[in-house]
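*Asks:* Below are the structure tokens for one structure; questions will follow.
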Amino acid sequence: MNNGLSVFIFHGEGIAEQDLIPSRQWNKPIGFNNVDINNVDTFVDVYEVGFTIFSKSDLFNSPEKISHYIPYYYLLDINSSDI
């Protein structure tokens, strides 16, 4: 899902496309009120120059492992990463 300067990636079972429409108001953070967090295995938030990953998956649970899924032309500062 692309939302202006942010890109949100959801991975899991039972996540419906219509539930991924975020609430967005200029004075409040973006929220996904209709997404059942128990169905989300991995959530990636890419915003301008950085990204945040929350994951229950062993595929993505360390900076070293996530680097295999990021194109080589993006720089990942593993020493400053906190996953």
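Note on naming: chains are A, B, ... as they come in the structure tokens, residues start from 1 per chain, ligands start from 1 in the order shown.
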Would you mind listing what lies within 10 Å of Gly14 (chain A) as a PyMOL selection string, with only C-alpha atoms counted and same-chain residues fewer than 6 positions away left out?

*Replies:* chain A and resi 35-36+38-40

*Asks:* Output the selection as a PDB file, in the first residue's frame - all heavy atoms for each residue.

*Replies:*
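Written out: result_17.pdb:
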ATOM      1  N   VAL A  35      -7.562  -3.503  10.987  1.00  0.00           N
ATOM      2  CA  VAL A  35      -6.650  -4.639  10.858  1.00  0.00           C
ATOM      3  C   VAL A  35      -6.555  -5.357  12.200  1.00  0.00           C
ATOM      4  O   VAL A  35      -6.239  -4.756  13.220  1.00  0.00           O
ATOM      5  CB  VAL A  35      -5.250  -4.179  10.397  1.00  0.00           C
ATOM      6  CG1 VAL A  35      -4.279  -5.353  10.393  1.00  0.00           C
ATOM      7  CG2 VAL A  35      -5.324  -3.549   9.020  1.00  0.00           C
ATOM      8  N   ASP A  36      -6.817  -6.661  12.188  1.00  0.00           N
ATOM      9  CA  ASP A  36      -6.666  -7.488  13.386  1.00  0.00           C
ATOM     10  C   ASP A  36      -5.175  -7.801  13.555  1.00  0.00           C
ATOM     11  O   ASP A  36      -4.602  -8.549  12.755  1.00  0.00           O
ATOM     12  CB  ASP A  36      -7.474  -8.768  13.252  1.00  0.00           C
ATOM     13  CG  ASP A  36      -7.391  -9.658  14.485  1.00  0.00           C
ATOM     14  OD1 ASP A  36      -6.617  -9.339  15.419  1.00  0.00           O
ATOM     15  OD2 ASP A  36      -8.101 -10.678  14.513  1.00  0.00           O
ATOM     16  N   ASN A  38      -3.592  -9.655  15.396  1.00  0.00           N
ATOM     17  CA  ASN A  38      -3.274 -11.074  15.566  1.00  0.00           C
ATOM     18  C   ASN A  38      -3.072 -11.776  14.235  1.00  0.00           C
ATOM     19  O   ASN A  38      -2.460 -12.841  14.181  1.00  0.00           O
ATOM     20  CB  ASN A  38      -4.376 -11.767  16.365  1.00  0.00           C
ATOM     21  CG  ASN A  38      -4.451 -11.245  17.777  1.00  0.00           C
ATOM     22  OD1 ASN A  38      -3.431 -11.111  18.452  1.00  0.00           O
ATOM     23  ND2 ASN A  38      -5.645 -10.923  18.235  1.00  0.00           N
ATOM     24  N   ASN A  39      -3.588 -11.202  13.142  1.00  0.00           N
ATOM     25  CA  ASN A  39      -3.413 -11.781  11.809  1.00  0.00           C
ATOM     26  C   ASN A  39      -2.149 -11.285  11.118  1.00  0.00           C
ATOM     27  O   ASN A  39      -1.780 -11.799  10.072  1.00  0.00           O
ATOM     28  CB  ASN A  39      -4.622 -11.451  10.924  1.00  0.00           C
ATOM     29  CG  ASN A  39      -5.881 -12.129  11.395  1.00  0.00           C
ATOM     30  OD1 ASN A  39      -5.828 -13.125  12.096  1.00  0.00           O
ATOM     31  ND2 ASN A  39      -7.018 -11.596  11.013  1.00  0.00           N
ATOM     32  N   VAL A  40      -1.494 -10.279  11.688  1.00  0.00           N
ATOM     33  CA  VAL A  40      -0.310  -9.691  11.068  1.00  0.00           C
ATOM     34  C   VAL A  40       0.933 -10.412  11.553  1.00  0.00           C
ATOM     35  O   VAL A  40       1.211 -10.460  12.744  1.00  0.00           O
ATOM     36  CB  VAL A  40      -0.212  -8.178  11.391  1.00  0.00           C
ATOM     37  CG1 VAL A  40       1.067  -7.594  10.801  1.00  0.00           C
ATOM     38  CG2 VAL A  40      -1.439  -7.439  10.874  1.00  0.00           C
TER      39      VAL A  40
END

*Asks:* Would you mind reading off the distance between CA of Ile53 (chain A) and CA of Ile66 (chain A), one decimal, in Å?

*Replies:*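 Atom-to-atom, CA of Ile53 (chain A) and CA of Ile66 (chain A) are spaced 9.2 Å apart.
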
*Asks:* Please identify all polymer residues within 7 Å of Phe43 (chain A), counting only C-alpha atoms, omitting same-chain residues fewer than 2 positions from it, and present them as a PyMOL selection string.

*Replies:* chain A and resi 9-11+40-41+45+53-55

*Asks:* Could you tell me how far CA of Leu20 (chain A) lies from CA of Lys56 (chain A), in Å and to one decimal?

*Replies:*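 CA of Leu20 (chain A) sits 19.3 Å away from CA of Lys56 (chain A).
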
*Asks:* Leaving out Gln18 (chain A) and any residue of its chain fewer than 4 positions from it, which residues lie within 12 Å of it when counting only C-alpha atoms, given as a ChimeraX atom specification?

*Replies:* /A:1,14,22,32-35

*Asks:* Restricting the output to N, CA, C and O atoms, write the selected residues as a compact mmCIF listing (two decimals), in the first residue's frame.

*Replies:*
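Output file part_22.txt is given in full below:
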# COMPACT_ATOMS: atom_id res chain seq x y z
N MET A 1 0.84 -1.17 0.00
CA MET A 1 0.00 0.00 0.00
C MET A 1 0.89 1.23 0.00
O MET A 1 1.79 1.36 0.81
N GLY A 14 -5.40 -13.85 6.67
CA GLY A 14 -6.71 -13.27 6.98
C GLY A 14 -6.73 -11.75 6.98
O GLY A 14 -7.57 -11.16 7.65
N PRO A 22 -6.26 3.26 5.75
CA PRO A 22 -5.92 3.86 7.04
C PRO A 22 -6.82 5.04 7.38
O PRO A 22 -7.40 5.68 6.50
N PHE A 32 -4.52 1.98 11.37
CA PHE A 32 -5.20 0.92 10.63
C PHE A 32 -6.17 0.26 11.61
O PHE A 32 -5.91 -0.82 12.14
N ASN A 33 -7.28 0.91 11.83
CA ASN A 33 -8.22 0.50 12.87
C ASN A 33 -8.93 -0.81 12.57
O ASN A 33 -9.41 -1.47 13.49
N ASN A 34 -9.00 -1.20 11.30
CA ASN A 34 -9.74 -2.41 10.93
C ASN A 34 -8.87 -3.64 10.79
O ASN A 34 -9.36 -4.72 10.50
N VAL A 35 -7.56 -3.50 10.99
CA VAL A 35 -6.65 -4.64 10.86
C VAL A 35 -6.56 -5.36 12.20
O VAL A 35 -6.24 -4.76 13.22

*Asks:* Taking the DSSP assignment computed from this structure's backbone, write out as a short mmCIF file (atom, residue, chain, number, x, y, z; two decimals) with all heavy atoms, in the first residue's frame all residues of region 7-76 of chain A that belong to helix (DSSP H, G or I).

*Replies:*
data_model
loop_
_atom_site.label_atom_id
_atom_site.label_comp_id
_atom_site.auth_asym_id
_atom_site.auth_seq_id
_atom_site.Cartn_x
_atom_site.Cartn_y
_atom_site.Cartn_z
N GLU A 17 -8.05 -6.71 2.01
CA GLU A 17 -7.61 -5.47 1.39
C GLU A 17 -8.41 -4.27 1.87
O GLU A 17 -7.86 -3.20 2.12
CB GLU A 17 -7.72 -5.60 -0.13
CG GLU A 17 -7.19 -4.41 -0.88
CD GLU A 17 -7.24 -4.60 -2.38
OE1 GLU A 17 -7.44 -5.73 -2.85
OE2 GLU A 17 -7.09 -3.58 -3.09
N GLN A 18 -9.71 -4.43 2.04
CA GLN A 18 -10.54 -3.30 2.48
C GLN A 18 -10.22 -2.87 3.91
O GLN A 18 -10.52 -1.74 4.30
CB GLN A 18 -12.04 -3.60 2.34
CG GLN A 18 -12.54 -4.73 3.19
CD GLN A 18 -12.50 -6.08 2.50
OE1 GLN A 18 -11.81 -6.25 1.49
NE2 GLN A 18 -13.21 -7.05 3.03
N ASP A 19 -9.58 -3.72 4.71
CA ASP A 19 -9.19 -3.36 6.08
C ASP A 19 -7.91 -2.52 6.11
O ASP A 19 -7.56 -1.96 7.15
CB ASP A 19 -8.98 -4.61 6.93
CG ASP A 19 -10.28 -5.37 7.15
OD1 ASP A 19 -11.36 -4.75 7.02
OD2 ASP A 19 -10.21 -6.57 7.46
N LEU A 20 -7.22 -2.43 4.98
CA LEU A 20 -5.94 -1.73 4.93
C LEU A 20 -6.07 -0.24 4.62
O LEU A 20 -5.08 0.45 4.45
CB LEU A 20 -5.01 -2.38 3.90
CG LEU A 20 -4.62 -3.82 4.24
CD1 LEU A 20 -3.78 -4.40 3.12
CD2 LEU A 20 -3.88 -3.89 5.56
N ILE A 37 -4.55 -7.22 14.55
CA ILE A 37 -3.10 -7.35 14.73
C ILE A 37 -2.68 -8.80 14.94
O ILE A 37 -1.55 -9.18 14.64
CB ILE A 37 -2.61 -6.45 15.90
CG1 ILE A 37 -1.09 -6.27 15.85
CG2 ILE A 37 -3.04 -7.01 17.24
CD1 ILE A 37 -0.60 -5.51 14.66
N ASN A 38 -3.59 -9.66 15.40
CA ASN A 38 -3.27 -11.07 15.57
C ASN A 38 -3.07 -11.78 14.23
O ASN A 38 -2.46 -12.84 14.18
CB ASN A 38 -4.38 -11.77 16.36
CG ASN A 38 -4.45 -11.25 17.78
OD1 ASN A 38 -3.43 -11.11 18.45
ND2 ASN A 38 -5.64 -10.92 18.23
N ASN A 39 -3.59 -11.20 13.14
CA ASN A 39 -3.41 -11.78 11.81
C ASN A 39 -2.15 -11.29 11.12
O ASN A 39 -1.78 -11.80 10.07
CB ASN A 39 -4.62 -11.45 10.92
CG ASN A 39 -5.88 -12.13 11.39
OD1 ASN A 39 -5.83 -13.13 12.10
ND2 ASN A 39 -7.02 -11.60 11.01
N PRO A 63 18.82 -7.36 11.90
CA PRO A 63 19.30 -6.51 10.80
C PRO A 63 20.04 -7.29 9.72
O PRO A 63 19.93 -6.97 8.54
CB PRO A 63 20.23 -5.52 11.50
CG PRO A 63 19.75 -5.48 12.90
CD PRO A 63 19.26 -6.86 13.20
N GLU A 64 20.78 -8.32 10.11
CA GLU A 64 21.51 -9.10 9.12
C GLU A 64 20.56 -9.86 8.19
O GLU A 64 20.79 -9.95 7.00
CB GLU A 64 22.45 -10.10 9.81
CG GLU A 64 23.61 -9.46 10.52
CD GLU A 64 23.27 -8.94 11.91
OE1 GLU A 64 22.17 -9.25 12.43
OE2 GLU A 64 24.09 -8.22 12.48
N LYS A 65 19.47 -10.38 8.72
CA LYS A 65 18.53 -11.15 7.91
C LYS A 65 17.73 -10.26 6.97
O LYS A 65 17.46 -10.63 5.84
CB LYS A 65 17.58 -11.94 8.81
CG LYS A 65 18.27 -13.07 9.54
CD LYS A 65 17.29 -13.80 10.41
CE LYS A 65 17.96 -14.89 11.22
NZ LYS A 65 17.01 -15.57 12.11
N ILE A 66 17.35 -9.07 7.43
CA ILE A 66 16.52 -8.20 6.60
C ILE A 66 17.30 -7.65 5.41
O ILE A 66 16.72 -7.34 4.37
CB ILE A 66 15.89 -7.05 7.44
CG1 ILE A 66 14.74 -6.40 6.68
CG2 ILE A 66 16.92 -6.01 7.79
CD1 ILE A 66 13.57 -7.29 6.46
N SER A 67 18.62 -7.57 5.52
CA SER A 67 19.42 -7.01 4.43
C SER A 67 19.29 -7.82 3.14
O SER A 67 19.48 -7.29 2.05
CB SER A 67 20.88 -6.89 4.85
OG SER A 67 21.43 -8.16 5.08
N HIS A 68 18.94 -9.10 3.23
CA HIS A 68 18.77 -9.95 2.04
C HIS A 68 17.51 -9.57 1.26
O HIS A 68 17.37 -9.96 0.11
CB HIS A 68 18.70 -11.42 2.44
CG HIS A 68 19.92 -11.89 3.16
ND1 HIS A 68 21.16 -11.98 2.57
CD2 HIS A 68 20.11 -12.25 4.45
CE1 HIS A 68 22.04 -12.40 3.45
NE2 HIS A 68 21.44 -12.57 4.60
N TYR A 69 16.61 -8.84 1.86
CA TYR A 69 15.33 -8.49 1.23
C TYR A 69 15.30 -7.04 0.77
O TYR A 69 14.28 -6.57 0.27
CB TYR A 69 14.18 -8.74 2.21
CG TYR A 69 14.08 -10.20 2.60
CD1 TYR A 69 14.74 -10.68 3.73
CD2 TYR A 69 13.36 -11.09 1.82
CE1 TYR A 69 14.68 -12.02 4.07
CE2 TYR A 69 13.30 -12.43 2.16
CZ TYR A 69 13.96 -12.89 3.29
OH TYR A 69 13.89 -14.21 3.61
#

*Asks:* Suppose you want the space between CA of Phe60 (chain A) and CA of Ile30 (chain A); what is it in Å?

*Replies:* 23.5 Å
